[in-house]
Amino acid sequence: MTRWPYQCPDMYQWAQNLFPICRSITGEGLRETLRYFQNQIPPLQIRSVPTGTVAFDWTVPDEWNIKDAYIADSSGQRIVDFNQSNLHVMGYSEPVDTWMSLEDLQPYLHSLPAIPHAIPYVTSYYRRRWGFCLSENQRTALKPGQYHVVIDSTLEPGFLNYGELLLPGKQSEEILLSTYVCHPSLANNELSGPVVTCALAQWLLGLKERRYSYRILFLPETIGSIVYLSRHMEEMKRKTIAGFVVTCVGDDRAYSFLPSRRGDSLADRAASAVLQEFVGKFDRYSFNTRGSDERQYCSPGVDLPVVSIMRSKYDTYPEYHNSLDNLDFISQKGLEGGYGALRMAIEVLERNYTYNNIILCEPQLGKRGLYGTLGAQTLAGQSIPLVFNVLAHSDGQRDLIDVAKACEAPVMLCAEISEQLTAQGVFQRT
Amino acid sequence: MTRWPYQCPDMYQWAQNLFPICRSITGEGLRETLRYFQNQIPPLQIRSVPTGTVAFDWTVPDEWNIKDAYIADSSGQRIVDFNQSNLHVMGYSEPVDTWMSLEDLQPYLHSLPAIPHAIPYVTSYYRRRWGFCLSENQRTALKPGQYHVVIDSTLEPGFLNYGELLLPGKQSEEILLSTYVCHPSLANNELSGPVVTCALAQWLLGLKERRYSYRILFLPETIGSIVYLSRHMEEMKRKTIAGFVVTCVGDDRAYSFLPSRRGDSLADRAASAVLQEFVGKFDRYSFNTRGSDERQYCSPGVDLPVVSIMRSKYDTYPEYHNSLDNLDFISQKGLEGGYGALRMAIEVLERNYTYNNIILCEPQLGKRGLYGTLGAQTLAGQSIPLVFNVLAHSDGQRDLIDVAKACEAPVMLCAEISEQLTAQGVFQRT
Amino acid sequence: MTRWPYQCPDMYQWAQNLFPICRSITGEGLRETLRYFQNQIPPLQIRSVPTGTVAFDWTVPDEWNIKDAYIADSSGQRIVDFNQSNLHVMGYSEPVDTWMSLEDLQPYLHSLPAIPHAIPYVTSYYRRRWGFCLSENQRTALKPGQYHVVIDSTLEPGFLNYGELLLPGKQSEEILLSTYVCHPSLANNELSGPVVTCALAQWLLGLKERRYSYRILFLPETIGSIVYLSRHMEEMKRKTIAGFVVTCVGDDRAYSFLPSRRGDSLADRAASAVLQEFVGKFDRYSFNTRGSDERQYCSPGVDLPVVSIMRSKYDTYPEYHNSLDNLDFISQKGLEGGYGALRMAIEVLERNYTYNNIILCEPQLGKRGLYGTLGAQTLAGQSIPLVFNVLAHSDGQRDLIDVAKACEAPVMLCAEISEQLTAQGVFQRT
């Protein structure tokens with residue numbers, strides 16, 4: 001793999017800071033997380049949508065907040081304690097304060113027999129329940145007896161919140177970055193996503209000039225993207241040329257790609273080019289294995305060109321959705337891999353013009369001083385310098401990504417050559 | 001292979017009853033066969049076309065009937081006897097009654113040196129000849145001497161007959177089933193074809209409701225389909241959405257598929273889906289190996305979407321067109337395999353609507369009680385329940401067969417899910 | 001490989017006669033070569049374009065002529081002598097007459113350390129320089145001392161010349177044959193090209209009837225095709241249905257194919273069919289490895305359907321562009337292989353009509369006497385005679401090349417059958 005030219009040294013630190021917060025699809029943990037990112041990227045707007053709001057087929061549920069939760073034995077000792085891991089409480093648990101025998105308690109307990117030292121991540125947003133999650137080891141160590149079961153939570157009218165950052169560019173067409181901020185202490189899925197998105201937003205904010213406009217969203221998964229689409233779909237359909245759901249970009253085991261529903265959009269082509277060029281070996285998944293907000297963005301009638309460039313894809317690694325997906329599973333290096341791949345995809349899109357070679361027959365490069373440039377190098381297996389292939393394939397119909405593919409050459413190198421030829425008056429952007 | 005849910009216990013018995021009849025492209029044997037099927041499916045109409053009728057490039061030849069035929073030695077003993085096997089006489093043999101030496105007789109004899117115990121099947125419809133077919137073993141046992149050669153046949157003006165059954169459905173678009181009834185005592189090619197077609201017709205007649213209309217034809221091969229097309233082509237071109245030549249569907253060795261000329265018609269897609277889904281392993285042949293009435297239905301200018309789903313394809317098994325293609329070669333189980341595959345293809349077509357998911361973003365399945373249904377199951381390799389993939393791919397443009405392919409899922413399962421979603425108001429048929 | 005039915009016994013002799021001439025992109029050697037071909041094909045017109053003429057992005061450089069050149073040692077002995085090989089002088093060397101030390105001379109010397117006994121071929125058309133080419137063995141044998149360096153050349157206003165032969169046919173659409181005549185003593189690249197082109201021109205001149213018109217060009221490479229296109233591009237774009245750059249067609253090691261930029265033109269399809277059918281195994285190169293005048297013919301905005309059928313492609317064999325590419329590298333047999341493949345491609349184009357089967361359903365071939373013809377043969381793996389597949393695929397939309405591909409059958413055999421069917425009134429050319 002080419003080493004990424006990109007670094008963003010703060011990413012792992014951000015993940016460390018955010019890891020302890022108990023996030024959910026609503027509530028204070030979500031707001032605290034959004035405010036944290038707002039500190040990194042101040043133009044980020046935090047939006048509020050009242051609970052009970054209808055969005056397409058869905059209704060925003062009551063806001064959930066939690067102060068404490070535990071299972072204590074008859075001696076008052078906490079056996080399972082929310083303060084030790086916020087995964088111990090099923091997300092959206094309704095309040096409870098009662099004594100139960102172990103036998104009666106069992107239906108409310110969730111564990112993973114196959115990974116006995118891991119606490120699973122379980123939620124119940126739309127059906128009121130309560131429950132505790134614990135490791136199988138903890139569970140089998142429980143002795144018969146009476147237990148004090150306490151969940152000090154509230155489910156009340158309030159708000160669903162999300163972060164929105166709109167960055168204007170020279171063109172009104174937009175690139176969408178969407179990430180989710182509704183999981184409690186889980187690192188690759190999900191903190192890596194918002195952390196990398198924040199780093200991308202910082203980079204985009206710092207650019208002197210952006211060709212495209214950017215719509216950057218920090219949402220609770222599913223209900224957040226549905227609510228957002230219910231308010232902005234028509235505009236997004238009109239403007240979005242490419243989009244990325246940013247998720248699972250923090251470990252260092254693999255690179256992977258999930259296509260859009262149609263599979264041939266500009267986002268698909270840019271992502272494929274970048275992964276082939278800079279990563280080389282990566283896992284290409286079927287759209288049928290999707291599992292994040294592209295489920296909404298790519299649904300029939302919405303049909304946005306949205307893909308995912310990931311490191312280890314959700315639902316493919318044993319640490320997925322349990323307490324092993326922690327800060328040890330991700331790393332600064334892993335995050336920079338995810339950041340680099342996404343940034344490269346954006347850079348490819350920013351440079352992806354359609355060039356038209358306006359000189360009939362080959363230009364005489366000698367008299368233009370172009371032999372001494374990048375383009376004069378010859379790629380393996382090609383008998384003429386690359387510049388001639390870029391000249392031959394830039395017919396005003398294929399964009400740069402397709403030209404690079406036709407040239408069997410790196411897209412960024414073709415971009416350099418194309419810009420030089422444009423400066424020389426040989427090419428015109430169409 | 002999935003065991004077929006379909007049974008039709010009479011098929012093998014029908015084949016046994018019909019096997020002894022001496023059929024040809026015209027004549028009493030053909031009419032007797034058609035009357036037999038009319039007894040099973042009374043609405044079947046038996047049509048008559050006068051010999052001498054011109055159909056496109058062809059003219060219906062004189063009607064052929066035969067009472068007896070034999071070669072007897074000088075002692076009067078029958079050495080080759082039509083009463084033992086109607087294959088012994090070349091089809092359409094003109095009458096003869098003469099004495100010949102063995103040497104003079106040889107040019108009129110046909111045998112198969114490579115399969116010395118089999119009697120070949122030979123015809124000469126359009127050039128007047130006579131001949132006898134016998135096993136190579138019989139032939140080499142013939143001793144020099146004089147032989148009495150008798151064929152008591154007639155070639156006279158009369159009729160070409162075929163059976164036609166038109167079943168109206170809710171839609172005027174038609175599915176064509178075409179089979180041929182012109183071979184004498186041969187079992188896989190051909191009795192299996194009309195027998196399975198008869199069973200399909202019984203099933204279709206018994207349906208409370210048919211979506212499509214059906215055109216079911218029992219024809220003498222080639223001249224029969226040409227005559228029929230000369231009278232009904234324009235109507236068939238207007239109405240036919242898919243067609244099947246039913247042939248070689250009685251043995252239990254293999255499944256096979258012969259595509260239409262264009263290769264991508266609805267019939268091709270339905271047949272491929274069914275064979276992949278229910279059979280798994282099957283032989284896919286090139287259109288260039290065709291050999292039955294699709295030669296007419298798919299010819300340029302006719303261009304009907306007609307395919308064949310077969311068991312062992314004609315011209316690929318050693319028993320083809322000789323006396324070994326007998327009642328031992330086919331079986332009730334083999335016939336039910338052919339019947340099941342064709343019936344499944346028809347059921348797929350009947351259910352092949354184009355569904356439009358009319359809810360933007362994913363519907364909330366929980367509140368609709370859809371999680372407890374078929375659709376909630378997750379297929380191997382897909383991280384979300386199948387119902388979500390059916391939802392995602394049903395965009396009002398792809399029909400069910402294509403949706404199932406996109407979902408990498410069984411078409412019948414996708415049909416169940418789609419109908420449930422339609423009942424729930426999530427889908428509309430377009 | 002099928003043995004070519006074509007012979008042209010003079011080709012190798014022509015190459016022998018032309019080999020010693022010192023050709024370049026202008027000058028007397030080029031004119032002498034053109035006159036030689038004019039002797040073989042008298043209608044060939046020799047055109048003259050003044051130096052200084054502007055053609056698209058290029059300007060025709062001064063005419064170069066050379067009488068003598070050598071490096072002599074202090075005793076006057078010629079160490080490197082133009083009279084021994086015209087490769088010894090860098091093409092387009094400006095005149096020089098001076099004494100230099102070996103050290104000062106080194107920058108003007110060119111050799112190939114990797115092939116120490118070969119003299120490289122080097123030119124400098126557009127930047128005024130001088131230089132000598134010699135084998136690495138010669139170079140390392142040079143002793144320190146003073147050397148007399150003489151190049152008796154001229155660079156003066158004059159003409160660029162090329163040969164043009166326009167052969168009218170029944171149709172105004174043209175087939176282009178373009179070859180180059182600007183290399184000195186080099187055999188496969190380039191003499192094989194003009195020699196085979198000359199043989200093709202003789203054959204075409206001798207035909208009683210040509211369907212297509214032919215534009216046959218003998219040009220200096222690059223500047224010649226650019227100058228020619230600057231004068232004839234619009235006409236060529238309007239008329240050219242297929243074109244071939246004839247180069248590297250003289251050795252007997254391999255066959256190879258270079259596609260057009262678009263890759264699916266009639267020229268591509270004809271060349272592929274011929275190479276698959278008559279050669280079988282051949283090397284298919286990417287357009288990105290092109291290196292001759294298709295660089296101009298296929299450039300954006302010109303977009304002519306031009307391909308190359310070659311023996312060993314330029315830039316892929318060690319003898320390329322050095323003195324080992326000599327008369328031993330090519331052979332009469334090698335030349336006839338190149339000639340045969342190109343002639344076959346032209347014959348395929350001449351016969352490539354689109355036929356329409358105007359009889360509905362299969363014609364009755366028996367009454368037409370077609371069973372005894374070529375078409376009655378059955379190809380391996382096909383259960384019916386080829387004639388039926390030609391009938392089935394000739395739908396008035398696919399041309400002969402595509403019909404042969406659909407039939408999985410030789411194109412020339414399909415042509416024979418199609419013409420017989422046309423004569424019988426079964427087919428019509430569309």
# chains A, B, ... in the order shown; residues from 1 in each chain; ligands from 1
$ interface_residues --of "chain C" --to "chain A" --cutoff "6 Å" --atoms "only C-alpha atoms" --output "list in words"
Asp57, Asn288, Thr289, Gln296, Ser299 and Pro300 of chain C
$ residues_around --residues "stretch 314-328 of chain A" --least-positions-apart "6" --cutoff "8 Å" --atoms "only C-alpha atoms" --output "ChimeraX atom specification"
/A:15-16,19,87,118-121,185-189,248,291 /B:383
$ write_last_selection --atoms "C-alpha atoms" --output "mmCIF file, in the first residue's frame"
data_model
loop_
_atom_site.group_PDB
_atom_site.id
_atom_site.type_symbol
_atom_site.label_atom_id
_atom_site.label_comp_id
_atom_site.auth_asym_id
_atom_site.auth_seq_id
_atom_site.Cartn_x
_atom_site.Cartn_y
_atom_site.Cartn_z
ATOM 1 C CA ALA A 15 -12.006 8.993 20.003
ATOM 2 C CA GLN A 16 -10.537 8.592 23.485
ATOM 3 C CA PHE A 19 -15.545 6.926 24.093
ATOM 4 C CA LEU A 87 -23.059 -1.264 27.276
ATOM 5 C CA ALA A 118 -17.643 -9.706 25.775
ATOM 6 C CA ILE A 119 -20.643 -7.555 26.670
ATOM 7 C CA PRO A 120 -23.088 -7.384 23.744
ATOM 8 C CA TYR A 121 -24.620 -4.162 22.437
ATOM 9 C CA SER A 185 -18.811 3.006 24.016
ATOM 10 C CA LEU A 186 -17.999 1.331 20.709
ATOM 11 C CA ALA A 187 -14.930 2.338 18.740
ATOM 12 C CA ASN A 188 -14.749 1.130 15.140
ATOM 13 C CA ASN A 189 -18.486 1.016 14.742
ATOM 14 C CA CYS A 248 -15.938 1.535 10.377
ATOM 15 C CA GLY A 291 -26.245 -2.003 7.065
ATOM 16 C CA SER B 383 -26.217 -9.021 6.865
#
$ atom_distance --atom1 "atom CA of A:Ser312" --atom2 "atom CA of A:Ser286"
14.6 Å
$ select_by_dssp --residues "stretch 138-332 of chain C" --states "strand (DSSP E)" --output "ChimeraX atom specification"
/C:146-156,159-167,174-180,213-219,240-245,256-258,283-284,306-310
$ write_last_selection --atoms "N, CA and C atoms" --output "compact mmCIF listing (two decimals), in the first residue's frame"
# COMPACT_ATOMS: atom_id res chain seq x y z
N GLN C 146 42.80 11.52 -31.13
CA GLN C 146 42.03 12.50 -31.90
C GLN C 146 41.32 11.78 -33.05
N TYR C 147 40.08 12.18 -33.31
CA TYR C 147 39.28 11.56 -34.38
C TYR C 147 38.75 12.64 -35.31
N HIS C 148 38.75 12.27 -36.56
CA HIS C 148 38.20 13.16 -37.58
C HIS C 148 36.73 12.78 -37.78
N VAL C 149 35.87 13.73 -37.51
CA VAL C 149 34.43 13.48 -37.52
C VAL C 149 33.81 14.23 -38.68
N VAL C 150 33.18 13.48 -39.60
CA VAL C 150 32.64 14.11 -40.81
C VAL C 150 31.22 13.62 -41.07
N ILE C 151 30.31 14.53 -41.19
CA ILE C 151 28.97 14.21 -41.71
C ILE C 151 28.71 15.18 -42.85
N ASP C 152 28.62 14.62 -44.05
CA ASP C 152 28.42 15.43 -45.26
C ASP C 152 26.93 15.42 -45.59
N SER C 153 26.17 16.17 -44.79
CA SER C 153 24.70 16.20 -44.96
C SER C 153 24.25 17.62 -45.24
N THR C 154 23.01 17.73 -45.70
CA THR C 154 22.40 19.06 -45.89
C THR C 154 21.04 19.07 -45.23
N LEU C 155 20.66 20.18 -44.68
CA LEU C 155 19.32 20.42 -44.11
C LEU C 155 18.83 21.71 -44.74
N GLU C 156 18.01 21.60 -45.74
CA GLU C 156 17.65 22.76 -46.55
C GLU C 156 16.17 22.70 -46.93
N PHE C 159 11.23 19.36 -49.93
CA PHE C 159 9.89 18.77 -49.93
C PHE C 159 9.78 17.56 -49.01
N LEU C 160 8.58 17.35 -48.53
CA LEU C 160 8.20 16.06 -47.93
C LEU C 160 7.40 15.33 -49.01
N ASN C 161 7.69 14.06 -49.19
CA ASN C 161 7.01 13.30 -50.23
C ASN C 161 6.25 12.12 -49.66
N TYR C 162 5.21 11.76 -50.39
CA TYR C 162 4.50 10.53 -50.02
C TYR C 162 3.84 9.97 -51.27
N GLY C 163 3.49 8.68 -51.19
CA GLY C 163 2.81 8.03 -52.30
C GLY C 163 1.35 7.83 -51.98
N GLU C 164 0.52 8.05 -52.96
CA GLU C 164 -0.93 7.96 -52.76
C GLU C 164 -1.55 7.20 -53.93
N LEU C 165 -2.36 6.21 -53.60
CA LEU C 165 -3.04 5.43 -54.64
C LEU C 165 -4.50 5.34 -54.26
N LEU C 166 -5.36 5.92 -55.09
CA LEU C 166 -6.80 5.88 -54.83
C LEU C 166 -7.44 4.95 -55.84
N LEU C 167 -8.03 3.87 -55.35
CA LEU C 167 -8.66 2.90 -56.24
C LEU C 167 -10.17 2.98 -56.07
N GLU C 174 -14.58 3.78 -48.22
CA GLU C 174 -13.18 3.42 -48.45
C GLU C 174 -12.62 2.51 -47.38
N ILE C 175 -11.66 1.71 -47.81
CA ILE C 175 -10.76 1.01 -46.88
C ILE C 175 -9.39 1.66 -47.02
N LEU C 176 -8.81 1.99 -45.87
CA LEU C 176 -7.51 2.67 -45.84
C LEU C 176 -6.40 1.68 -45.56
N LEU C 177 -5.35 1.73 -46.38
CA LEU C 177 -4.11 1.02 -46.08
C LEU C 177 -3.02 2.07 -45.96
N SER C 178 -2.37 2.14 -44.83
CA SER C 178 -1.35 3.17 -44.61
C SER C 178 -0.09 2.51 -44.11
N THR C 179 1.01 2.82 -44.77
CA THR C 179 2.30 2.26 -44.36
C THR C 179 3.35 3.36 -44.39
N TYR C 180 4.50 3.14 -43.77
CA TYR C 180 5.49 4.21 -43.69
C TYR C 180 6.81 3.80 -44.31
N SER C 213 -13.93 1.29 -52.30
CA SER C 213 -12.80 2.07 -52.79
C SER C 213 -11.66 1.92 -51.80
N TYR C 214 -10.45 2.16 -52.31
CA TYR C 214 -9.26 1.98 -51.48
C TYR C 214 -8.39 3.22 -51.51
N ARG C 215 -7.88 3.60 -50.38
CA ARG C 215 -6.93 4.71 -50.24
C ARG C 215 -5.66 4.09 -49.66
N ILE C 216 -4.63 4.04 -50.48
CA ILE C 216 -3.39 3.35 -50.09
C ILE C 216 -2.28 4.39 -50.02
N LEU C 217 -1.64 4.49 -48.86
CA LEU C 217 -0.69 5.57 -48.59
C LEU C 217 0.67 5.01 -48.17
N PHE C 218 1.71 5.55 -48.79
CA PHE C 218 3.10 5.29 -48.39
C PHE C 218 3.65 6.61 -47.87
N LEU C 219 3.80 6.73 -46.55
CA LEU C 219 4.08 8.02 -45.93
C LEU C 219 5.31 7.94 -45.04
N THR C 240 -14.26 6.52 -44.68
CA THR C 240 -13.50 5.35 -44.26
C THR C 240 -14.34 4.41 -43.38
N ILE C 241 -14.51 3.19 -43.83
CA ILE C 241 -15.24 2.21 -43.01
C ILE C 241 -14.27 1.34 -42.20
N ALA C 242 -13.02 1.25 -42.66
CA ALA C 242 -12.04 0.43 -41.95
C ALA C 242 -10.67 0.80 -42.47
N GLY C 243 -9.68 0.75 -41.60
CA GLY C 243 -8.33 1.08 -42.03
C GLY C 243 -7.31 0.22 -41.31
N PHE C 244 -6.17 0.08 -41.97
CA PHE C 244 -5.09 -0.74 -41.43
C PHE C 244 -3.77 0.00 -41.56
N VAL C 245 -3.06 0.15 -40.45
CA VAL C 245 -1.67 0.58 -40.53
C VAL C 245 -0.86 -0.68 -40.75
N SER C 256 -0.08 -10.68 -34.33
CA SER C 256 -0.54 -9.81 -33.25
C SER C 256 -1.55 -8.80 -33.79
N PHE C 257 -2.26 -8.20 -32.86
CA PHE C 257 -3.36 -7.30 -33.20
C PHE C 257 -3.36 -6.10 -32.27
N LEU C 258 -3.46 -4.93 -32.86
CA LEU C 258 -3.61 -3.70 -32.09
C LEU C 258 -4.95 -3.08 -32.46
N ASP C 283 -1.35 -12.49 -30.43
CA ASP C 283 -1.22 -11.59 -29.29
C ASP C 283 -2.12 -10.38 -29.50
N ARG C 284 -2.97 -10.12 -28.53
CA ARG C 284 -3.86 -8.97 -28.60
C ARG C 284 -3.30 -7.89 -27.68
N VAL C 306 -9.14 2.54 -37.37
CA VAL C 306 -7.88 2.01 -37.90
C VAL C 306 -7.24 1.07 -36.87
N VAL C 307 -6.86 -0.10 -37.35
CA VAL C 307 -6.22 -1.12 -36.50
C VAL C 307 -4.93 -1.58 -37.16
N SER C 308 -4.19 -2.43 -36.46
CA SER C 308 -3.03 -3.08 -37.07
C SER C 308 -3.10 -4.58 -36.87
N ILE C 309 -2.94 -5.29 -37.97
CA ILE C 309 -2.69 -6.73 -37.94
C ILE C 309 -1.20 -6.89 -38.20
N MET C 310 -0.49 -7.48 -37.29
CA MET C 310 0.96 -7.57 -37.41
C MET C 310 1.46 -8.99 -37.21
$ atom_distance --atom1 "atom CA of C:Glu136" --atom2 "atom CA of C:Glu221"
27.8 Å
$ residues_around --residues "stretch 339-354 of chain C" --least-positions-apart "5" --cutoff "6 Å" --atoms "only C-alpha atoms" --output "list in words"
Trp4, Tyr6, Val196, Arg211, Ala270, Ala271, Val274, Gly396, Asp399, Leu400, Arg429 and Thr430 of chain C
$ atom_distance --atom1 "atom CA of C:Glu103" --atom2 "atom CA of C:Arg127"
23.1 Å
$ residues_around --residues "A:Arg311" --least-positions-apart "5" --cutoff "8 Å" --atoms "only C-alpha atoms" --output "list in words"
Cys248, Val249, Gly250, Asp251, Asp252, Arg253, Ala254, Tyr255, Ser256, Gly334, Gly337 and Gly338 of chain A
$ closest_residue --among "A:Lys143, A:Asp303, A:Lys170, A:Pro113" --to "A:Ser265" --atoms "only C-alpha atoms"
A:Asp303
